[in-house]
file query02.cif (mmCIF, C-alpha atoms)
data_start
loop_
_atom_site.label_atom_id
_atom_site.label_comp_id
_atom_site.auth_asym_id
_atom_site.auth_seq_id
_atom_site.Cartn_x
_atom_site.Cartn_y
_atom_site.Cartn_z
CA MET A 1410 45.89 -26.89 -16.58
CA LYS A 1411 47.65 -24.90 -13.95
CA THR A 1412 45.34 -25.79 -11.08
CA LYS A 1413 43.33 -28.72 -9.93
CA ASN A 1414 40.49 -26.37 -9.32
CA GLY A 1415 36.99 -27.31 -10.53
CA LEU A 1416 36.78 -24.51 -13.08
CA SER A 1417 39.97 -25.43 -14.82
CA GLN A 1418 38.98 -29.03 -15.25
CA SER A 1419 36.79 -28.81 -18.31
CA GLY A 1420 36.27 -32.55 -18.32
CA GLY A 1421 34.63 -32.39 -14.93
CA MET A 1422 32.00 -29.92 -16.08
CA ASP A 1423 29.67 -32.48 -17.61
CA THR A 1424 26.97 -32.56 -15.00
CA GLU A 1425 24.62 -29.94 -13.68
CA THR A 1426 25.74 -30.67 -10.15
CA SER A 1427 29.34 -29.76 -10.88
CA ILE A 1428 28.28 -26.51 -12.52
CA GLU A 1429 26.06 -25.73 -9.57
CA SER A 1430 28.88 -26.51 -7.19
CA THR A 1431 31.19 -24.19 -9.15
CA LEU A 1432 28.61 -21.43 -9.07
CA ARG A 1433 28.14 -21.90 -5.33
CA THR A 1434 31.89 -21.75 -4.80
CA TYR A 1435 32.63 -18.64 -6.81
CA LEU A 1436 29.48 -16.56 -6.84
CA ARG A 1437 29.62 -15.05 -3.38
CA PRO A 1438 27.91 -11.83 -2.31
CA VAL A 1439 30.10 -8.76 -2.19
CA VAL A 1440 29.79 -5.92 0.28
CA PRO A 1441 29.68 -2.33 -0.98
CA ARG A 1442 32.10 0.11 0.64
CA ASP A 1443 30.66 1.75 3.79
CA GLU A 1444 31.85 5.09 2.48
CA PHE A 1445 29.79 4.63 -0.69
CA VAL A 1446 26.66 3.53 1.23
CA ASP A 1447 26.89 6.55 3.58
CA ARG A 1448 27.62 9.00 0.77
CA LEU A 1449 24.67 7.79 -1.29
CA ARG A 1450 22.42 7.96 1.76
CA GLY A 1451 23.50 11.57 2.28
CA LYS A 1452 22.86 12.33 -1.38
CA LEU A 1453 19.36 10.84 -1.17
CA GLU A 1454 18.60 12.88 1.96
CA GLN A 1455 19.71 16.05 0.17
CA GLN A 1456 17.37 15.23 -2.69
CA VAL A 1457 14.44 14.71 -0.31
CA LEU A 1458 14.82 18.08 1.49
CA PRO A 1459 13.95 20.36 -1.45
CA ILE A 1460 10.83 18.27 -2.14
CA GLN A 1461 9.71 18.58 1.50
CA LYS A 1462 10.47 22.32 1.54
CA LYS A 1463 8.40 22.74 -1.60
CA ARG A 1464 5.53 20.84 -0.05
CA VAL A 1465 5.63 23.05 3.11
CA ILE A 1466 5.61 26.20 0.98
CA THR A 1467 2.63 24.88 -0.97
CA PHE A 1468 0.81 24.15 2.27
CA TYR A 1469 1.39 27.67 3.64
CA LYS A 1470 0.32 29.23 0.37
CA LEU A 1471 -2.90 27.25 0.46
CA LEU A 1472 -3.50 28.33 4.08
CA GLU A 1473 -2.84 31.96 3.17
CA VAL A 1474 -5.27 31.91 0.25
CA THR A 1475 -7.93 30.20 2.37
CA LEU A 1476 -7.57 32.75 5.18
CA GLN A 1477 -7.69 35.63 2.72
CA THR A 1478 -10.87 34.25 1.13
CA VAL A 1479 -12.54 33.70 4.52
CA GLY A 1480 -11.44 37.19 5.63
CA LEU A 1481 -12.86 38.82 2.50
CA LEU A 1482 -16.12 36.91 2.91
CA LEU A 1483 -16.45 38.05 6.55
CA ILE A 1484 -15.66 41.67 5.65
CA THR A 1485 -18.27 41.58 2.86
CA VAL A 1486 -20.92 40.08 5.16
CA PHE A 1487 -20.22 42.63 7.91
CA THR A 1488 -20.20 45.54 5.44
CA VAL A 1489 -23.52 44.47 3.95
CA ARG A 1490 -25.00 44.02 7.43
CA LEU A 1491 -23.71 47.45 8.51
CA LEU A 1492 -25.16 49.06 5.42
CA LEU A 1493 -28.49 47.37 6.06
CA ILE A 1494 -28.48 48.59 9.68
CA ILE A 1495 -27.62 52.13 8.56
CA LEU A 1496 -30.33 52.02 5.92
CA THR A 1497 -32.92 50.66 8.33
CA THR A 1498 -31.99 53.26 10.96
CA TRP A 1499 -32.11 56.07 8.40
CA LYS A 1500 -35.51 54.87 7.17
CA PHE A 1501 -36.79 54.62 10.72
CA LEU A 1502 -35.54 58.10 11.62
CA ARG A 1503 -37.01 59.51 8.43
CA THR A 1504 -40.39 57.99 9.13
CA SER A 1505 -40.27 59.31 12.75
CA ASN A 1506 -39.42 62.83 11.55
CA VAL A 1507 -42.25 62.92 9.04
CA ARG A 1508 -44.77 62.05 11.76
CA MET B 877 14.98 11.16 14.98
CA ASN B 878 15.79 7.89 16.76
CA GLU B 879 12.20 7.68 17.96
CA ARG B 880 11.06 8.11 14.35
CA VAL B 881 13.36 5.33 13.10
CA PHE B 882 12.10 3.08 15.87
CA ARG B 883 8.51 3.70 14.82
CA VAL B 884 9.35 2.93 11.18
CA GLU B 885 10.99 -0.34 12.14
CA GLU B 886 7.90 -1.41 14.03
CA LYS B 887 5.86 -1.32 10.84
CA SER B 888 5.50 -3.98 8.15
CA GLU B 889 7.24 -3.50 4.81
CA GLU B 890 3.87 -2.75 3.15
CA GLN B 891 3.23 0.06 5.63
CA ILE B 892 6.75 1.40 5.18
CA LEU B 893 6.27 1.33 1.42
CA ALA B 894 3.03 3.27 1.74
CA LEU B 895 4.83 5.83 3.92
CA ALA B 896 7.70 6.08 1.45
CA ALA B 897 5.24 6.52 -1.41
CA SER B 898 3.65 9.41 0.49
CA GLY B 899 7.08 11.08 0.68
CA ASP B 900 8.27 9.93 4.11
CA GLU B 901 12.02 10.40 4.23
CA GLU B 902 12.70 7.92 7.03
CA ALA B 903 10.66 5.21 5.35
CA PHE B 904 12.66 5.56 2.15
CA ALA B 905 15.91 5.54 4.15
CA TRP B 906 14.82 2.26 5.72
CA LEU B 907 14.14 0.73 2.29
CA TYR B 908 17.47 2.03 1.03
CA GLN B 909 19.35 0.46 3.93
CA LYS B 910 17.57 -2.86 3.37
CA TYR B 911 18.14 -3.13 -0.37
CA VAL B 912 21.35 -1.24 -1.16
CA THR B 913 23.64 -4.28 -0.80
CA ARG B 914 21.37 -6.50 -2.90
CA ILE B 915 21.10 -3.99 -5.70
CA TYR B 916 24.82 -3.30 -5.54
CA ASN B 917 25.55 -7.04 -5.84
CA TYR B 918 23.21 -7.41 -8.77
CA VAL B 919 24.76 -4.47 -10.64
CA TYR B 920 28.26 -5.49 -9.67
CA PHE B 921 27.96 -9.02 -11.04
CA ARG B 922 26.25 -7.73 -14.20
CA THR B 923 28.97 -5.14 -14.91
CA GLY B 924 32.04 -6.67 -13.22
CA ASN B 925 33.27 -3.27 -12.21
CA ALA B 926 33.10 -1.87 -8.68
CA ALA B 927 33.14 1.81 -9.72
CA GLU B 928 30.37 1.29 -12.30
CA ALA B 929 28.41 -0.75 -9.75
CA GLU B 930 28.52 2.18 -7.31
CA ASP B 931 27.53 4.65 -10.00
CA LEU B 932 24.64 2.53 -11.27
CA THR B 933 23.45 1.64 -7.75
CA ALA B 934 23.28 5.36 -6.97
CA LYS B 935 21.26 5.91 -10.14
CA VAL B 936 18.87 3.08 -9.20
CA PHE B 937 18.07 4.63 -5.83
CA LEU B 938 17.86 8.18 -7.15
CA ARG B 939 15.42 7.01 -9.80
CA ALA B 940 13.48 4.95 -7.24
CA MET B 941 13.19 7.97 -4.95
CA LYS B 942 12.00 10.15 -7.81
CA HIS B 943 9.29 7.69 -8.83
CA ILE B 944 8.35 6.15 -5.47
CA ARG B 945 5.12 8.19 -5.45
CA ASN B 946 4.01 6.29 -8.56
CA TYR B 947 4.79 2.92 -6.99
CA ARG B 948 1.72 0.70 -6.76
CA ASP B 949 1.67 -2.58 -4.88
CA LEU B 950 0.71 -5.14 -7.52
CA GLY B 951 1.47 -8.12 -5.32
CA LEU B 952 5.13 -8.23 -6.36
CA PRO B 953 7.89 -7.63 -3.83
CA PHE B 954 9.35 -4.13 -3.72
CA SER B 955 12.72 -5.63 -4.64
CA ALA B 956 11.21 -6.66 -8.02
CA TRP B 957 10.58 -2.98 -8.75
CA LEU B 958 14.17 -2.08 -7.77
CA TYR B 959 15.63 -4.96 -9.78
CA ARG B 960 13.60 -3.82 -12.79
CA ILE B 961 15.13 -0.34 -12.54
CA ALA B 962 18.59 -1.86 -12.06
CA HIS B 963 18.05 -4.23 -14.98
CA ASN B 964 17.09 -1.34 -17.31
CA LEU B 965 20.04 0.78 -16.21
CA VAL B 966 22.47 -2.11 -16.66
CA ALA B 967 21.01 -2.79 -20.12
CA ASN B 968 21.53 0.87 -21.06
CA TRP B 969 25.04 0.72 -19.67
CA HIS B 970 25.89 -2.36 -21.76
CA ARG B 971 24.37 -0.72 -24.82
CA ASP B 972 26.39 2.48 -24.28
CA ASN B 973 29.63 0.64 -23.58
CA GLY B 974 29.33 -1.82 -26.44
CA ARG B 975 28.62 -5.49 -25.95
CA LYS B 976 31.99 -6.74 -27.06
CA LYS B 977 33.96 -4.55 -24.73
CA GLU B 978 35.55 -6.65 -22.00
CA ILE B 979 35.67 -5.00 -18.65
CA PRO B 980 38.61 -6.24 -16.60
CA LEU B 981 37.73 -7.07 -13.06
CA ASP B 982 39.15 -4.49 -10.75
CA ASP B 983 42.14 -5.63 -8.68
CA ALA B 984 40.56 -4.00 -5.69
CA LEU B 985 37.39 -6.04 -6.03
CA PRO B 986 35.45 -6.24 -2.82
CA LEU B 987 35.24 -10.04 -3.18
CA PRO B 988 35.04 -11.80 0.16
CA VAL B 989 38.37 -13.18 1.35
CA LEU B 990 37.80 -16.88 1.97
CA SER B 991 41.35 -18.13 2.35
CA LYS B 992 44.26 -17.05 4.50
CA HIS B 993 46.72 -18.22 1.85
CA PRO B 994 47.48 -15.50 -0.70
CA GLU B 995 48.20 -18.03 -3.44
CA SER B 996 44.86 -19.78 -3.19
CA GLU B 997 43.19 -16.37 -2.93
CA VAL B 998 44.77 -15.35 -6.24
CA VAL B 999 43.61 -18.61 -7.84
CA ARG B 1000 40.13 -18.07 -6.50
CA ARG B 1001 40.02 -14.55 -7.95
CA GLU B 1002 41.17 -15.85 -11.33
CA GLU B 1003 38.55 -18.57 -11.31
CA THR B 1004 35.83 -16.11 -10.30
CA GLU B 1005 36.93 -13.82 -13.11
CA LYS B 1006 36.72 -16.68 -15.62
CA LEU B 1007 33.32 -17.72 -14.38
CA LEU B 1008 31.94 -14.17 -14.56
CA ARG B 1009 33.34 -13.75 -18.06
CA ILE B 1010 31.47 -16.88 -19.13
CA ILE B 1011 28.28 -15.89 -17.31
CA ARG B 1012 28.28 -12.50 -19.04
CA LYS B 1013 28.05 -14.25 -22.38
CA LEU B 1014 24.61 -15.52 -21.40
CA PRO B 1015 21.42 -13.54 -22.17
CA PRO B 1016 20.61 -10.90 -19.48
CA GLU B 1017 17.63 -12.86 -18.16
CA ARG B 1018 19.82 -15.89 -17.45
CA GLN B 1019 22.52 -13.76 -15.85
CA GLN B 1020 19.86 -12.26 -13.61
CA LEU B 1021 18.61 -15.72 -12.63
CA LEU B 1022 22.11 -16.92 -11.66
CA ILE B 1023 22.83 -13.78 -9.64
CA LEU B 1024 19.53 -13.98 -7.79
CA LYS B 1025 20.00 -17.69 -7.11
CA PHE B 1026 23.64 -17.83 -6.10
CA VAL B 1027 24.58 -14.34 -4.98
CA GLU B 1028 21.29 -13.32 -3.41
CA GLN B 1029 20.50 -16.95 -2.52
CA LEU B 1030 16.79 -16.57 -3.27
CA SER B 1031 14.39 -19.46 -3.79
CA ASN B 1032 12.81 -20.19 -7.18
CA ALA B 1033 9.50 -18.75 -5.91
CA GLU B 1034 11.18 -15.49 -4.86
CA ILE B 1035 13.07 -15.27 -8.14
CA GLY B 1036 9.81 -15.89 -9.97
CA ALA B 1037 8.14 -13.03 -8.10
CA ILE B 1038 11.00 -10.71 -9.01
CA MET B 1039 11.24 -11.74 -12.64
CA GLY B 1040 7.47 -11.94 -13.14
CA LYS B 1041 7.47 -15.67 -13.91
CA SER B 1042 6.00 -18.76 -12.28
CA GLU B 1043 8.13 -21.03 -10.11
CA GLY B 1044 7.91 -23.73 -12.81
CA ALA B 1045 9.09 -21.31 -15.48
CA ILE B 1046 12.06 -20.39 -13.29
CA LYS B 1047 12.96 -24.07 -12.77
CA SER B 1048 12.85 -24.63 -16.51
CA LEU B 1049 14.85 -21.48 -17.23
CA TYR B 1050 17.39 -22.51 -14.60
CA HIS B 1051 17.82 -25.93 -16.21
CA ARG B 1052 18.33 -24.33 -19.65
CA THR B 1053 20.73 -21.81 -18.13
CA LEU B 1054 22.91 -24.57 -16.68
CA LEU B 1055 22.96 -26.32 -20.04
CA SER B 1056 23.98 -23.18 -21.90
CA LEU B 1057 26.54 -22.40 -19.20
CA ARG B 1058 28.05 -25.84 -19.75
CA GLU B 1059 28.21 -25.16 -23.48
CA GLU B 1060 29.88 -21.81 -22.84
CA TYR B 1061 32.37 -23.52 -20.55
CA GLU B 1062 33.23 -26.10 -23.18
CA ARG B 1063 33.62 -23.39 -25.80
CA TYR B 1064 35.80 -21.36 -23.45
CA PHE B 1065 38.11 -24.27 -22.65
CA ASP B 1066 38.28 -25.29 -26.32
CA GLU B 1067 39.48 -21.77 -27.13
CA VAL B 1068 42.00 -21.87 -24.28
CA GLU B 1069 43.36 -25.22 -25.48
CA LYS B 1070 43.52 -23.99 -29.07
CA ASP B 1071 45.44 -20.89 -27.96
CA ALA B 1072 47.83 -23.06 -25.93
CA LEU B 1073 48.53 -25.33 -28.93
CA GLU B 1074 49.17 -22.37 -31.22
#
call {"tool": "encode", "arguments": {"input": "query02.cif", "output": "structure tokens"}}
result
Amino acid sequence: MKTKNGLSQSGGMDTETSIESTLRTYLRPVVPRDEFVDRLRGKLEQQVLPIQKKRVITFYKLLEVTLQTVGLLLITVFTVRLLLIILTTWKFLRTSNVR
Amino acid sequence: MNERVFRVEEKSEEQILALAASGDEEAFAWLYQKYVTRIYNYVYFRTGNAAEAEDLTAKVFLRAMKHIRNYRDLGLPFSAWLYRIAHNLVANWHRDNGRKKEIPLDDALPLPVLSKHPESEVVRREETEKLLRIIRKLPPERQQLLILKFVEQLSNAEIGAIMGKSEGAIKSLYHRTLLSLREEYERYFDEVEKDALE
């Protein structure tokens, strides 16, 4: 064996404790590159934007349709009312003229 | 923007998750910042390759972002959901690359430098490489357990929550994992000795 390190001493690996100690020694957390973390964050932000844009467009479309419907309803109501007024007036005038 | 981040940080993780699920960009960014290193570590130790770890970590978060609206809190930690995605992607990666293919550990591994002496640092890298080679011979579930326990330093209860098992089941699995790791070690050193004699 070239080292006296725990891993190279196969004879010393007969207990759970020694395996655990080896794992504790060599399995250490690694840190991803800052450049990678920032780049991926940027990529995720770019992916979010189109979704948000789409949602805003959908919202405005819904608003537009709602306003158009309400507008048409109001126009219809006013037109019917106007027609009724004209009709009533015409009937009234007609009756007055006959007398 | 800063005000928004501040408001997100004031909330609990459950509230942030709910915000992220409703499409809140800042909430997802917060979750990303919290879990990116953990997921990277998990993928890195499962693949042994820094470039692949970056690629797969990116895929994990892109997939998580795509499906975050479907995320439902079932009492498991959010990390369990991310680990599940990572686990599936790593499994696909192993399947695509072939199980027998050995991936050499990159020289530029971002392993933490623990010694000021270059010689002992080289030895440490070699030993880590050996250990990871042996660990990768274990079934994926056992690899995951060792990574979560030693790299992420999570408790058995936390590991259980992530892996969808009880604390007792994790303890038992851990015991069996150590036994099989010992067997793998013995097999590895037997092969080394045999090679040396030949």
call {"tool": "resolve_selection", "arguments": {"input": "query02.cif", "expression": "the PyMOL selection byres ((chain A) within 6 of (chain B))", "output": "compact mmCIF listing (two decimals) with C-alpha atoms, in the frame of the given file"}}
result
# COMPACT_ATOMS: atom_id res chain seq x y z
CA TYR A 1435 32.63 -18.64 -6.81
CA LEU A 1436 29.48 -16.56 -6.84
CA ARG A 1437 29.62 -15.05 -3.38
CA PRO A 1438 27.91 -11.83 -2.31
CA VAL A 1439 30.10 -8.76 -2.19
call {"tool": "atom_distance", "arguments": {"input": "query02.cif", "atom1": "CA of Lys1070 (chain B)", "atom2": "CA of Leu1014 (chain B)"}}
result
22.1 Å
call {"tool": "residues_around", "arguments": {"input": "query02.cif", "residues": "Ser955 (chain B)", "least_positions_apart": "5", "cutoff": "12 Å", "atoms": "only C-alpha atoms", "output": "PyMOL selection string"}}
result
chain B and resi 889+893+907-908+910-915+918+936-937+940+947+949+960-963+1024+1028+1030+1034-1040
call {"tool": "atom_distance", "arguments": {"input": "query02.cif", "atom1": "CA of Leu1449 (chain A)", "atom2": "CA of Ala894 (chain B)"}}
result
22.3 Å
call {"tool": "atom_distance", "arguments": {"input": "query02.cif", "atom1": "CA of Gly951 (chain B)", "atom2": "CA of Glu890 (chain B)"}}
result
10.3 Å
call {"tool": "resolve_selection", "arguments": {"input": "query02.cif", "expression": "the PyMOL selection byres ((chain B and resi 945) around 7)", "output": "list in words"}}
result
Ala897, Ser898, His943, Ile944, Asn946 and Tyr947 of chain B
call {"tool": "build_atoms", "arguments": {"input": "query02.cif", "residues": "region 950-976 of chain B", "atoms": "N, CA and C atoms", "output": "PDB file, in the frame of the given file"}}
result
ATOM      1  N   LEU B 950       1.449  -4.237  -6.629  1.00  0.00           N
ATOM      2  CA  LEU B 950       0.710  -5.140  -7.520  1.00  0.00           C
ATOM      3  C   LEU B 950       0.908  -6.598  -7.097  1.00  0.00           C
ATOM      4  N   GLY B 951       1.265  -6.775  -5.846  1.00  0.00           N
ATOM      5  CA  GLY B 951       1.470  -8.120  -5.320  1.00  0.00           C
ATOM      6  C   GLY B 951       2.883  -8.631  -5.507  1.00  0.00           C
ATOM      7  N   LEU B 952       3.729  -7.838  -6.179  1.00  0.00           N
ATOM      8  CA  LEU B 952       5.130  -8.230  -6.360  1.00  0.00           C
ATOM      9  C   LEU B 952       5.959  -7.608  -5.243  1.00  0.00           C
ATOM     10  N   PRO B 953       7.068  -8.256  -4.870  1.00  0.00           N
ATOM     11  CA  PRO B 953       7.890  -7.630  -3.830  1.00  0.00           C
ATOM     12  C   PRO B 953       8.493  -6.317  -4.311  1.00  0.00           C
ATOM     13  N   PHE B 954       8.777  -5.432  -3.362  1.00  0.00           N
ATOM     14  CA  PHE B 954       9.350  -4.130  -3.720  1.00  0.00           C
ATOM     15  C   PHE B 954      10.685  -4.321  -4.435  1.00  0.00           C
ATOM     16  N   SER B 955      11.414  -5.381  -4.015  1.00  0.00           N
ATOM     17  CA  SER B 955      12.720  -5.630  -4.640  1.00  0.00           C
ATOM     18  C   SER B 955      12.573  -5.852  -6.150  1.00  0.00           C
ATOM     19  N   ALA B 956      11.429  -6.422  -6.580  1.00  0.00           N
ATOM     20  CA  ALA B 956      11.210  -6.660  -8.020  1.00  0.00           C
ATOM     21  C   ALA B 956      11.227  -5.326  -8.770  1.00  0.00           C
ATOM     22  N   TRP B 957      10.635  -4.322  -8.149  1.00  0.00           N
ATOM     23  CA  TRP B 957      10.580  -2.980  -8.750  1.00  0.00           C
ATOM     24  C   TRP B 957      12.007  -2.408  -8.864  1.00  0.00           C
ATOM     25  N   LEU B 958      12.777  -2.582  -7.768  1.00  0.00           N
ATOM     26  CA  LEU B 958      14.170  -2.080  -7.770  1.00  0.00           C
ATOM     27  C   LEU B 958      15.026  -2.836  -8.785  1.00  0.00           C
ATOM     28  N   TYR B 959      14.854  -4.155  -8.816  1.00  0.00           N
ATOM     29  CA  TYR B 959      15.630  -4.960  -9.780  1.00  0.00           C
ATOM     30  C   TYR B 959      15.290  -4.571 -11.212  1.00  0.00           C
ATOM     31  N   ARG B 960      14.023  -4.220 -11.438  1.00  0.00           N
ATOM     32  CA  ARG B 960      13.600  -3.820 -12.790  1.00  0.00           C
ATOM     33  C   ARG B 960      14.338  -2.529 -13.188  1.00  0.00           C
ATOM     34  N   ILE B 961      14.413  -1.597 -12.267  1.00  0.00           N
ATOM     35  CA  ILE B 961      15.130  -0.340 -12.540  1.00  0.00           C
ATOM     36  C   ILE B 961      16.606  -0.653 -12.809  1.00  0.00           C
ATOM     37  N   ALA B 962      17.178  -1.502 -11.920  1.00  0.00           N
ATOM     38  CA  ALA B 962      18.590  -1.860 -12.060  1.00  0.00           C
ATOM     39  C   ALA B 962      18.837  -2.567 -13.399  1.00  0.00           C
ATOM     40  N   HIS B 963      17.938  -3.471 -13.737  1.00  0.00           N
ATOM     41  CA  HIS B 963      18.050  -4.230 -14.980  1.00  0.00           C
ATOM     42  C   HIS B 963      18.066  -3.280 -16.192  1.00  0.00           C
ATOM     43  N   ASN B 964      17.153  -2.302 -16.196  1.00  0.00           N
ATOM     44  CA  ASN B 964      17.090  -1.340 -17.310  1.00  0.00           C
ATOM     45  C   ASN B 964      18.358  -0.483 -17.384  1.00  0.00           C
ATOM     46  N   LEU B 965      18.830  -0.055 -16.216  1.00  0.00           N
ATOM     47  CA  LEU B 965      20.040   0.780 -16.210  1.00  0.00           C
ATOM     48  C   LEU B 965      21.267  -0.002 -16.668  1.00  0.00           C
ATOM     49  N   VAL B 966      21.343  -1.269 -16.235  1.00  0.00           N
ATOM     50  CA  VAL B 966      22.470  -2.110 -16.660  1.00  0.00           C
ATOM     51  C   VAL B 966      22.406  -2.357 -18.171  1.00  0.00           C
ATOM     52  N   ALA B 967      21.183  -2.575 -18.668  1.00  0.00           N
ATOM     53  CA  ALA B 967      21.010  -2.790 -20.120  1.00  0.00           C
ATOM     54  C   ALA B 967      21.476  -1.559 -20.896  1.00  0.00           C
ATOM     55  N   ASN B 968      21.091  -0.379 -20.405  1.00  0.00           N
ATOM     56  CA  ASN B 968      21.530   0.870 -21.060  1.00  0.00           C
ATOM     57  C   ASN B 968      23.041   1.002 -21.006  1.00  0.00           C
ATOM     58  N   TRP B 969      23.583   0.622 -19.853  1.00  0.00           N
ATOM     59  CA  TRP B 969      25.040   0.720 -19.670  1.00  0.00           C
ATOM     60  C   TRP B 969      25.775  -0.189 -20.652  1.00  0.00           C
ATOM     61  N   HIS B 970      25.284  -1.428 -20.807  1.00  0.00           N
ATOM     62  CA  HIS B 970      25.890  -2.360 -21.760  1.00  0.00           C
ATOM     63  C   HIS B 970      25.769  -1.828 -23.184  1.00  0.00           C
ATOM     64  N   ARG B 971      24.610  -1.252 -23.471  1.00  0.00           N
ATOM     65  CA  ARG B 971      24.370  -0.720 -24.820  1.00  0.00           C
ATOM     66  C   ARG B 971      25.352   0.434 -25.091  1.00  0.00           C
ATOM     67  N   ASP B 972      25.498   1.320 -24.103  1.00  0.00           N
ATOM     68  CA  ASP B 972      26.390   2.480 -24.280  1.00  0.00           C
ATOM     69  C   ASP B 972      27.860   2.090 -24.359  1.00  0.00           C
ATOM     70  N   ASN B 973      28.218   1.032 -23.619  1.00  0.00           N
ATOM     71  CA  ASN B 973      29.630   0.640 -23.580  1.00  0.00           C
ATOM     72  C   ASN B 973      30.011  -0.375 -24.658  1.00  0.00           C
ATOM     73  N   GLY B 974      29.039  -0.839 -25.386  1.00  0.00           N
ATOM     74  CA  GLY B 974      29.330  -1.820 -26.440  1.00  0.00           C
ATOM     75  C   GLY B 974      29.410  -3.208 -25.857  1.00  0.00           C
ATOM     76  N   ARG B 975      28.709  -4.146 -26.506  1.00  0.00           N
ATOM     77  CA  ARG B 975      28.620  -5.490 -25.950  1.00  0.00           C
ATOM     78  C   ARG B 975      29.941  -6.246 -25.950  1.00  0.00           C
ATOM     79  N   LYS B 976      30.776  -5.929 -26.932  1.00  0.00           N
ATOM     80  CA  LYS B 976      31.990  -6.740 -27.060  1.00  0.00           C
ATOM     81  C   LYS B 976      33.127  -6.253 -26.169  1.00  0.00           C
TER      82      LYS B 976
END
